[in-house]
file model06.cif (mmCIF, C-alpha atoms)
data_protein
#
loop_
_atom_site.label_atom_id
_atom_site.label_comp_id
_atom_site.auth_asym_id
_atom_site.auth_seq_id
_atom_site.Cartn_x
_atom_site.Cartn_y
_atom_site.Cartn_z
CA MET I 1 20.95 -11.32 14.16
CA ASN I 2 17.49 -10.48 15.23
CA ILE I 3 15.21 -12.14 12.78
CA ILE I 4 11.87 -13.63 13.47
CA ARG I 5 10.16 -15.64 10.89
CA TYR I 6 6.72 -17.07 11.12
CA GLN I 7 5.31 -19.08 8.30
CA ARG I 8 1.91 -20.57 8.58
CA TYR I 9 1.65 -23.50 6.28
CA PRO I 10 -1.71 -24.28 4.84
CA GLN I 11 -3.67 -26.86 6.72
CA SER I 12 -5.09 -29.71 4.80
CA GLU I 13 -8.63 -28.82 5.71
CA LEU I 14 -10.22 -31.01 3.18
CA SER I 15 -12.55 -29.13 0.95
CA PRO I 16 -14.61 -31.85 -0.67
CA ALA I 17 -13.52 -31.33 -4.26
CA PHE I 18 -9.89 -30.51 -3.70
CA ASP I 19 -8.68 -32.60 -0.84
CA ARG I 20 -6.68 -34.63 -3.27
CA LEU I 21 -4.96 -31.60 -4.73
CA SER I 22 -1.73 -32.18 -2.89
CA SER I 23 0.07 -35.44 -2.90
CA LEU I 24 0.75 -37.09 0.41
CA ARG I 25 4.45 -36.57 0.03
CA GLU I 26 4.07 -32.86 -0.36
CA GLU I 27 1.84 -32.63 2.64
CA MET I 28 4.41 -34.57 4.65
CA ASP I 29 7.22 -32.30 3.50
CA ARG I 30 5.26 -29.31 4.64
CA LEU I 31 4.56 -30.72 8.07
CA PHE I 32 8.17 -31.65 8.42
CA GLU I 33 9.38 -28.20 7.47
CA ALA I 34 6.82 -26.47 9.60
CA SER I 35 8.03 -28.25 12.69
CA PHE I 36 11.53 -26.87 12.19
CA ARG I 37 10.48 -23.32 11.82
CA THR I 38 10.60 -21.02 14.76
CA SER I 39 7.32 -19.29 15.19
CA GLY I 40 7.70 -15.90 16.78
CA SER I 41 5.25 -13.24 15.85
CA LEU I 42 1.62 -13.67 16.74
CA SER I 43 0.05 -12.86 13.44
CA GLY I 44 0.78 -12.16 9.83
CA TRP I 45 3.34 -13.72 7.60
CA ALA I 46 6.99 -13.33 6.85
CA PRO I 47 8.54 -13.47 3.40
CA ALA I 48 11.77 -15.47 3.08
CA LEU I 49 14.94 -13.42 3.09
CA ASP I 50 18.69 -13.86 2.73
CA VAL I 51 21.51 -11.66 3.99
CA TYR I 52 24.85 -11.48 2.18
CA GLN I 53 28.00 -9.73 3.24
CA ASP I 54 31.35 -8.83 1.74
CA LYS I 55 33.96 -6.35 2.91
CA ASP I 56 32.14 -3.38 1.36
CA GLN I 57 28.46 -4.02 1.84
CA PHE I 58 25.50 -6.02 3.06
CA THR I 59 22.89 -7.24 0.61
CA VAL I 60 19.44 -8.26 1.75
CA VAL I 61 17.28 -10.25 -0.68
CA ALA I 62 13.61 -10.87 0.08
CA GLU I 63 10.97 -12.78 -1.86
CA LEU I 64 7.92 -10.57 -2.24
CA PRO I 65 5.89 -11.83 -5.18
CA GLY I 66 2.82 -9.91 -6.27
CA PHE I 67 3.61 -6.53 -4.79
CA LYS I 68 3.50 -3.11 -6.32
CA LYS I 69 6.65 -1.08 -5.76
CA GLU I 70 4.79 1.48 -3.68
CA GLU I 71 3.42 -1.20 -1.36
CA ILE I 72 6.89 -1.97 0.01
CA GLU I 73 8.43 0.21 2.72
CA ILE I 74 12.08 0.11 3.70
CA SER I 75 13.53 1.93 6.68
CA LEU I 76 16.83 2.03 8.50
CA HIS I 77 16.94 2.87 12.17
CA GLN I 78 19.85 2.45 14.57
CA GLY I 79 21.58 -0.20 12.52
CA ALA I 80 18.42 -2.21 11.89
CA LEU I 81 16.85 -2.56 8.48
CA THR I 82 13.08 -2.96 8.43
CA ILE I 83 11.11 -4.13 5.42
CA SER I 84 7.35 -3.88 5.67
CA GLY I 85 4.33 -3.68 3.46
CA GLU I 86 0.92 -4.92 2.69
CA ARG I 87 -0.19 -7.26 -0.05
CA LYS I 88 -3.78 -7.02 -1.11
CA ALA I 89 -5.61 -10.02 -2.52
CA GLU I 90 -6.52 -9.75 -6.19
CA ALA I 91 -10.24 -9.48 -6.68
CA SER I 92 -11.59 -12.51 -8.46
CA GLU I 93 -15.05 -13.91 -8.76
CA GLY I 94 -15.75 -17.50 -8.03
CA GLU I 95 -15.24 -20.05 -5.36
CA THR I 96 -11.87 -20.46 -3.68
CA VAL I 97 -10.87 -24.08 -3.91
CA ARG I 98 -7.31 -23.81 -2.69
CA ASN I 99 -5.87 -21.03 -0.62
CA GLU I 100 -2.15 -21.19 0.13
CA ARG I 101 -0.93 -17.65 -0.42
CA PHE I 102 -0.67 -15.01 2.28
CA PHE I 103 -2.13 -11.55 2.19
CA GLY I 104 -2.07 -8.61 4.53
CA ARG I 105 0.71 -6.86 6.38
CA PHE I 106 4.17 -8.17 7.00
CA GLN I 107 7.24 -6.78 8.70
CA ARG I 108 10.77 -8.07 8.93
CA THR I 109 13.71 -6.54 10.72
CA VAL I 110 17.36 -7.37 10.22
CA ALA I 111 19.94 -6.06 12.68
CA LEU I 112 23.10 -5.30 10.75
CA ALA I 113 26.37 -6.26 12.36
CA SER I 114 28.20 -3.06 11.45
CA PRO I 115 27.22 0.55 10.63
CA VAL I 116 26.08 1.32 7.09
CA ASN I 117 26.04 4.49 5.04
CA ALA I 118 22.32 5.26 5.01
CA ALA I 119 22.66 7.79 2.21
CA LYS I 120 23.98 5.15 -0.18
CA VAL I 121 21.44 2.39 0.38
CA ARG I 122 19.94 1.18 -2.88
CA ALA I 123 16.87 -0.97 -3.38
CA SER I 124 15.42 -2.64 -6.47
CA TYR I 125 12.34 -4.75 -6.99
CA GLN I 126 12.18 -7.11 -9.94
CA ASP I 127 10.22 -10.27 -10.70
CA GLY I 128 8.90 -10.34 -7.16
CA VAL I 129 12.36 -10.20 -5.59
CA LEU I 130 13.46 -7.23 -3.48
CA LYS I 131 17.19 -6.55 -3.31
CA ILE I 132 18.62 -3.98 -0.91
CA GLU I 133 22.30 -3.06 -1.02
CA LEU I 134 23.70 -1.37 2.07
CA PRO I 135 27.28 -0.10 1.75
CA LYS I 136 29.19 -0.26 5.00
CA ALA I 137 30.24 2.96 6.65
CA GLU I 138 33.90 3.85 6.06
CA GLU I 139 34.84 3.26 9.69
CA ALA I 140 33.39 -0.24 9.57
CA LYS I 141 35.49 -1.44 6.65
CA PRO I 142 38.53 -3.53 7.44
CA LYS I 143 41.79 -1.62 7.13
CA GLN I 144 45.32 -2.75 6.74
CA ILE I 145 47.62 -0.90 9.09
CA GLU I 146 51.30 -0.96 8.44
CA VAL I 147 53.38 -1.06 11.54
CA SER I 148 56.91 0.07 11.02
CA VAL I 149 59.49 -1.27 13.33
CA SER I 150 62.43 0.99 13.91
CA MET R 1 -7.31 -31.67 -10.39
CA ASN R 2 -5.15 -34.01 -8.40
CA ASN R 3 -1.55 -33.38 -7.76
CA VAL R 4 0.36 -36.23 -9.24
CA ALA R 5 3.90 -35.03 -8.81
CA ASN R 6 5.17 -38.38 -7.64
CA GLN R 7 3.95 -40.26 -10.61
CA GLN R 8 5.43 -37.66 -12.95
CA ASN R 9 8.81 -37.81 -11.27
CA GLU R 10 9.12 -41.53 -11.79
CA THR R 11 8.85 -41.22 -15.53
CA ALA R 12 11.27 -38.31 -15.58
CA VAL R 13 14.07 -40.19 -13.84
CA ALA R 14 14.96 -42.28 -16.87
CA THR R 15 15.37 -39.34 -19.24
CA GLU R 16 16.91 -36.53 -17.20
CA PRO R 17 19.17 -36.27 -14.16
CA ALA R 18 17.48 -35.84 -10.80
CA ARG R 19 16.44 -32.27 -10.11
CA TYR R 20 15.05 -30.64 -7.06
CA TYR R 21 12.10 -28.36 -7.16
CA THR R 22 10.29 -26.12 -4.74
CA THR R 23 6.53 -26.37 -4.58
CA PRO R 24 5.10 -22.92 -5.20
CA LEU R 25 2.22 -21.62 -3.09
CA VAL R 26 -0.88 -21.66 -5.27
CA ASP R 27 -4.37 -20.23 -4.96
CA VAL R 28 -7.06 -21.85 -7.10
CA VAL R 29 -10.39 -20.22 -7.88
CA SER R 30 -13.21 -22.01 -9.65
CA HIS R 31 -15.91 -20.16 -11.53
CA GLU R 32 -18.51 -20.81 -14.19
CA GLU R 33 -16.07 -20.22 -17.04
CA GLY R 34 -13.27 -22.39 -15.66
CA TYR R 35 -10.41 -22.19 -13.19
CA LEU R 36 -7.86 -19.58 -12.28
CA LEU R 37 -4.50 -20.55 -10.75
CA ARG R 38 -2.14 -18.08 -9.12
CA ALA R 39 1.29 -19.43 -8.26
CA GLU R 40 4.02 -17.56 -6.41
CA MET R 41 7.29 -17.81 -8.30
CA PRO R 42 9.55 -14.98 -7.18
CA GLY R 43 12.66 -14.67 -9.33
CA VAL R 44 11.05 -16.13 -12.44
CA THR R 45 10.75 -14.10 -15.62
CA LYS R 46 8.46 -14.70 -18.59
CA GLU R 47 11.24 -16.70 -20.30
CA GLY R 48 11.58 -19.01 -17.31
CA VAL R 49 7.99 -20.25 -17.36
CA GLU R 50 7.13 -23.64 -18.85
CA ILE R 51 3.54 -24.76 -18.96
CA THR R 52 2.59 -28.08 -20.46
CA VAL R 53 -0.74 -29.82 -20.85
CA GLU R 54 -0.26 -33.49 -21.58
CA ASN R 55 -2.29 -36.63 -20.94
CA GLY R 56 -4.75 -34.68 -18.86
CA HIS R 57 -2.06 -33.18 -16.65
CA LEU R 58 -1.11 -29.57 -16.27
CA THR R 59 2.53 -28.98 -15.31
CA ILE R 60 3.76 -25.57 -14.28
CA VAL R 61 7.52 -25.05 -14.03
CA GLY R 62 9.34 -21.83 -13.20
CA HIS R 63 13.09 -21.52 -13.75
CA ARG R 64 14.64 -18.85 -11.57
CA GLN R 65 16.69 -16.07 -13.03
CA PRO R 66 20.00 -16.13 -11.15
CA LEU R 67 20.43 -13.01 -9.03
CA ALA R 68 23.81 -11.30 -8.92
CA VAL R 69 24.67 -10.74 -5.27
CA ALA R 70 28.06 -9.72 -3.89
CA GLY R 71 29.60 -11.50 -0.96
CA GLU R 72 28.83 -14.67 0.94
CA ARG R 73 25.49 -15.61 2.45
CA ILE R 74 25.49 -15.07 6.20
CA TYR R 75 21.81 -15.80 6.77
CA GLY R 76 19.48 -17.71 4.48
CA GLU R 77 15.88 -18.73 4.16
CA ARG R 78 15.34 -18.61 0.43
CA ARG R 79 15.63 -21.80 -1.55
CA GLY R 80 17.29 -21.52 -4.90
CA HIS R 81 15.42 -24.35 -6.57
CA ASP R 82 13.17 -23.95 -9.54
CA TYR R 83 9.45 -24.28 -9.01
CA ARG R 84 7.29 -27.14 -10.20
CA ARG R 85 3.79 -28.37 -9.62
CA VAL R 86 1.59 -30.84 -11.45
CA TYR R 87 -2.19 -30.95 -11.51
CA GLU R 88 -4.60 -33.43 -12.97
CA LEU R 89 -6.90 -31.48 -15.21
CA ASP R 90 -10.63 -31.42 -14.93
CA PRO R 91 -11.70 -33.09 -18.23
CA SER R 92 -14.08 -30.23 -18.92
CA ILE R 93 -11.12 -27.86 -19.46
CA ASP R 94 -10.34 -26.88 -23.00
CA ALA R 95 -6.59 -27.56 -23.15
CA ALA R 96 -6.15 -25.58 -26.36
CA ARG R 97 -7.28 -22.37 -24.70
CA VAL R 98 -5.14 -22.48 -21.55
CA SER R 99 -3.33 -19.17 -21.17
CA ALA R 100 -0.83 -17.74 -18.70
CA LYS R 101 1.06 -14.63 -17.70
CA ILE R 102 3.62 -13.74 -15.05
CA ASP R 103 3.74 -10.45 -13.25
CA HIS R 104 6.03 -9.54 -10.31
CA GLY R 105 6.73 -13.20 -9.64
CA VAL R 106 3.11 -14.33 -9.64
CA LEU R 107 2.13 -16.75 -12.40
CA THR R 108 -1.52 -16.60 -13.40
CA VAL R 109 -2.90 -19.54 -15.39
CA THR R 110 -6.37 -19.34 -16.89
CA LEU R 111 -8.04 -22.68 -17.56
CA PRO R 112 -11.27 -22.15 -19.48
CA LYS R 113 -13.95 -24.80 -19.66
CA ALA R 114 -14.93 -26.12 -23.06
CA GLU R 115 -18.01 -24.46 -24.50
CA SER R 116 -19.88 -27.76 -24.56
CA VAL R 117 -19.80 -28.18 -20.77
CA LYS R 118 -20.70 -24.65 -19.75
CA PRO R 119 -24.13 -24.19 -18.25
CA ARG R 120 -26.50 -22.90 -20.87
CA ARG R 121 -29.76 -21.15 -20.38
CA ILE R 122 -32.41 -22.30 -22.78
CA THR R 123 -35.30 -20.02 -23.49
CA LEU R 124 -38.64 -21.37 -24.53
CA GLU R 125 -39.83 -20.41 -27.92
#
call {"tool": "encode", "arguments": {"input": "model06.cif", "output": "structure tokens"}}
result
Amino acid sequence: MNIIRYQRYPQSELSPAFDRLSSLREEMDRLFEASFRTSGSLSGWAPALDVYQDKDQFTVVAELPGFKKEEIEISLHQGALTISGERKAEASEGETVRNERFFGRFQRTVALASPVNAAKVRASYQDGVLKIELPKAEEAKPKQIEVSVS
Amino acid sequence: MNNVANQQNETAVATEPARYYTTPLVDVVSHEEGYLLRAEMPGVTKEGVEITVENGHLTIVGHRQPLAVAGERIYGERRGHDYRRVYELDPSIDAARVSAKIDHGVLTVTLPKAESVKPRRITLE
């Protein structure tokens, strides 16, 4: 599966008032996790996603909090599903004291192991979670073949 | 507003079984009227949000709504744990007027400062 995930974890650049915002343990957890992540792309961010499979379909679930439906694009090309979009920062007055969230463009591509029926792909977005169901093409489904012995 | 998650966990051990939480990504903005917190909690509905202000600590918890998905997971990055984060409150915040909403998996918490600590312009008579 061709998946590249890059997650930049916030640095503890200590702003004078809020350097104590995170506990040491949390900071350590983050460093630890970050070192196990494979960094691929050069810029941007990558929302976490899961891929599920059963005999009839693939299901891709991605965490995309704070999007509008129309800001998410989904495309299918040569057996690869691409999810992309752009999240814009909410306008708010004041001084930023902690900045952990990611904004801007993202793109993720999942290569699917078997052909899917593009006409029957369904996507839903609820509570910041995107779910895409991709039914497998008829020829890709497992079939039981009876062999008669004469 | 310190994060005192560790200290909070110790007291919780005696009363409830150990639970694992994910730390949500949070942006904090400070302005004249108070603070604004935005926490990413994908998969959490309005019913799953618990916000408590106690002993000068603000705790935000988000319980995930289970998602019905067919089949077995063949690739995974998402963590199924609920979200939790604890902050020590600035004493100037008026705890009674803390408000929150959740929209598309982003929890927004408004922490207004008490009237008595807001800067006031005084005009000469």
call {"tool": "residues_around", "arguments": {"input": "model06.cif", "residues": "Glu95 in chain I", "least_positions_apart": "2", "cutoff": "8 Å", "atoms": "all atoms listed in the file", "output": "list in words"}}
result
Glu93 and Val97 of chain I; Val29, Ser30 and His31 of chain R
call {"tool": "interface_residues", "arguments": {"input": "model06.cif", "of": "chain I", "to": "chain R", "cutoff": "6 Å", "atoms": "all atoms listed in the file", "output": "PyMOL selection string"}}
result
chain I and resi 20-23+48-54+63+65-66+94-101+127-129
call {"tool": "atom_distance", "arguments": {"input": "model06.cif", "atom1": "CA of Phe58 in chain I", "atom2": "CA of Ala80 in chain I"}}
result
11.9 Å
call {"tool": "resolve_selection", "arguments": {"input": "model06.cif", "expression": "the PyMOL selection byres ((chain R and resi 89-95) around 8)", "output": "count of residues only"}}
result
17
call {"tool": "residues_near_point", "arguments": {"input": "model06.cif", "point": "(11.7, -27.6, -6.9)", "cutoff": "6 Å", "atoms": "only C-alpha atoms", "output": "PyMOL selection string"}}
result
chain R and resi 20-23+81-84
call {"tool": "write_last_selection", "arguments": {"input": "model06.cif", "atoms": "C-alpha atoms", "output": "PDB file, in the frame of the given file"}}
result
ATOM      1  CA  TYR R  20      15.050 -30.640  -7.060  1.00  0.00           C
ATOM      2  CA  TYR R  21      12.100 -28.360  -7.160  1.00  0.00           C
ATOM      3  CA  THR R  22      10.290 -26.120  -4.740  1.00  0.00           C
ATOM      4  CA  THR R  23       6.530 -26.370  -4.580  1.00  0.00           C
ATOM      5  CA  HIS R  81      15.420 -24.350  -6.570  1.00  0.00           C
ATOM      6  CA  ASP R  82      13.170 -23.950  -9.540  1.00  0.00           C
ATOM      7  CA  TYR R  83       9.450 -24.280  -9.010  1.00  0.00           C
ATOM      8  CA  ARG R  84       7.290 -27.140 -10.200  1.00  0.00           C
TER       9      ARG R  84
END
call {"tool": "atom_distance", "arguments": {"input": "model06.cif", "atom1": "CA of Glu71 in chain I", "atom2": "CA of Ile132 in chain I"}}
result
15.5 Å
call {"tool": "atom_distance", "arguments": {"input": "model06.cif", "atom1": "CA of Lys131 in chain I", "atom2": "CA of Asn117 in chain I"}}
result
16.4 Å
call {"tool": "resolve_selection", "arguments": {"input": "model06.cif", "expression": "the PyMOL selection byres ((chain I and resi 141) around 12)", "output": "count of residues only"}}
result
20
call {"tool": "axis_aligned_box", "arguments": {"input": "model06.cif", "around": "range 72-90 of chain I", "padding_each_side": "8 Å", "output": "JSON"}}
result
{"center_x": 7.5, "center_y": -3.6, "center_z": 4.2, "size_x": 44.1, "size_y": 28.9, "size_z": 36.8}
call {"tool": "residues_near_point", "arguments": {"input": "model06.cif", "point": "(-3.1, -18.2, -19.6)", "cutoff": "6 Å", "atoms": "all atoms listed in the file", "output": "compact mmCIF listing (two decimals) with C-alpha atoms, in the coordinates of the input"}}
result
# COMPACT_ATOMS: atom_id res chain seq x y z
CA VAL R 98 -5.14 -22.48 -21.55
CA SER R 99 -3.33 -19.17 -21.17
CA ALA R 100 -0.83 -17.74 -18.70
CA LYS R 101 1.06 -14.63 -17.70
CA VAL R 109 -2.90 -19.54 -15.39
CA THR R 110 -6.37 -19.34 -16.89
call {"tool": "closest_residue", "arguments": {"input": "model06.cif", "among": "I:Thr59, I:Ser148, I:Thr109, I:Gln126", "to": "Leu81 in chain I", "atoms": "all atoms listed in the file"}}
result
I:Thr109
call {"tool": "closest_residue", "arguments": {"input": "model06.cif", "among": "I:Ala119, I:Leu130, I:Ala46, I:Ala89", "to": "Glu73 in chain I", "atoms": "all atoms listed in the file"}}
result
I:Leu130
call {"tool": "resolve_selection", "arguments": {"input": "model06.cif", "expression": "the PyMOL selection byres ((chain I and resi 87) around 12)", "output": "VMD selection string"}}
result
chain I and resid 44 to 47 64 to 73 84 to 86 88 to 90 101 to 107 128
call {"tool": "write_last_selection", "arguments": {"input": "model06.cif", "atoms": "C-alpha atoms", "output": "CSV table (one decimal), keeping the file's coordinate frame"}}
result
chain,number,residue,atom,x,y,z
I,44,GLY,CA,0.8,-12.2,9.8
I,45,TRP,CA,3.3,-13.7,7.6
I,46,ALA,CA,7.0,-13.3,6.8
I,47,PRO,CA,8.5,-13.5,3.4
I,64,LEU,CA,7.9,-10.6,-2.2
I,65,PRO,CA,5.9,-11.8,-5.2
I,66,GLY,CA,2.8,-9.9,-6.3
I,67,PHE,CA,3.6,-6.5,-4.8
I,68,LYS,CA,3.5,-3.1,-6.3
I,69,LYS,CA,6.6,-1.1,-5.8
I,70,GLU,CA,4.8,1.5,-3.7
I,71,GLU,CA,3.4,-1.2,-1.4
I,72,ILE,CA,6.9,-2.0,0.0
I,73,GLU,CA,8.4,0.2,2.7
I,84,SER,CA,7.4,-3.9,5.7
I,85,GLY,CA,4.3,-3.7,3.5
I,86,GLU,CA,0.9,-4.9,2.7
I,88,LYS,CA,-3.8,-7.0,-1.1
I,89,ALA,CA,-5.6,-10.0,-2.5
I,90,GLU,CA,-6.5,-9.8,-6.2
I,101,ARG,CA,-0.9,-17.6,-0.4
I,102,PHE,CA,-0.7,-15.0,2.3
I,103,PHE,CA,-2.1,-11.6,2.2
I,104,GLY,CA,-2.1,-8.6,4.5
I,105,ARG,CA,0.7,-6.9,6.4
I,106,PHE,CA,4.2,-8.2,7.0
I,107,GLN,CA,7.2,-6.8,8.7
I,128,GLY,CA,8.9,-10.3,-7.2
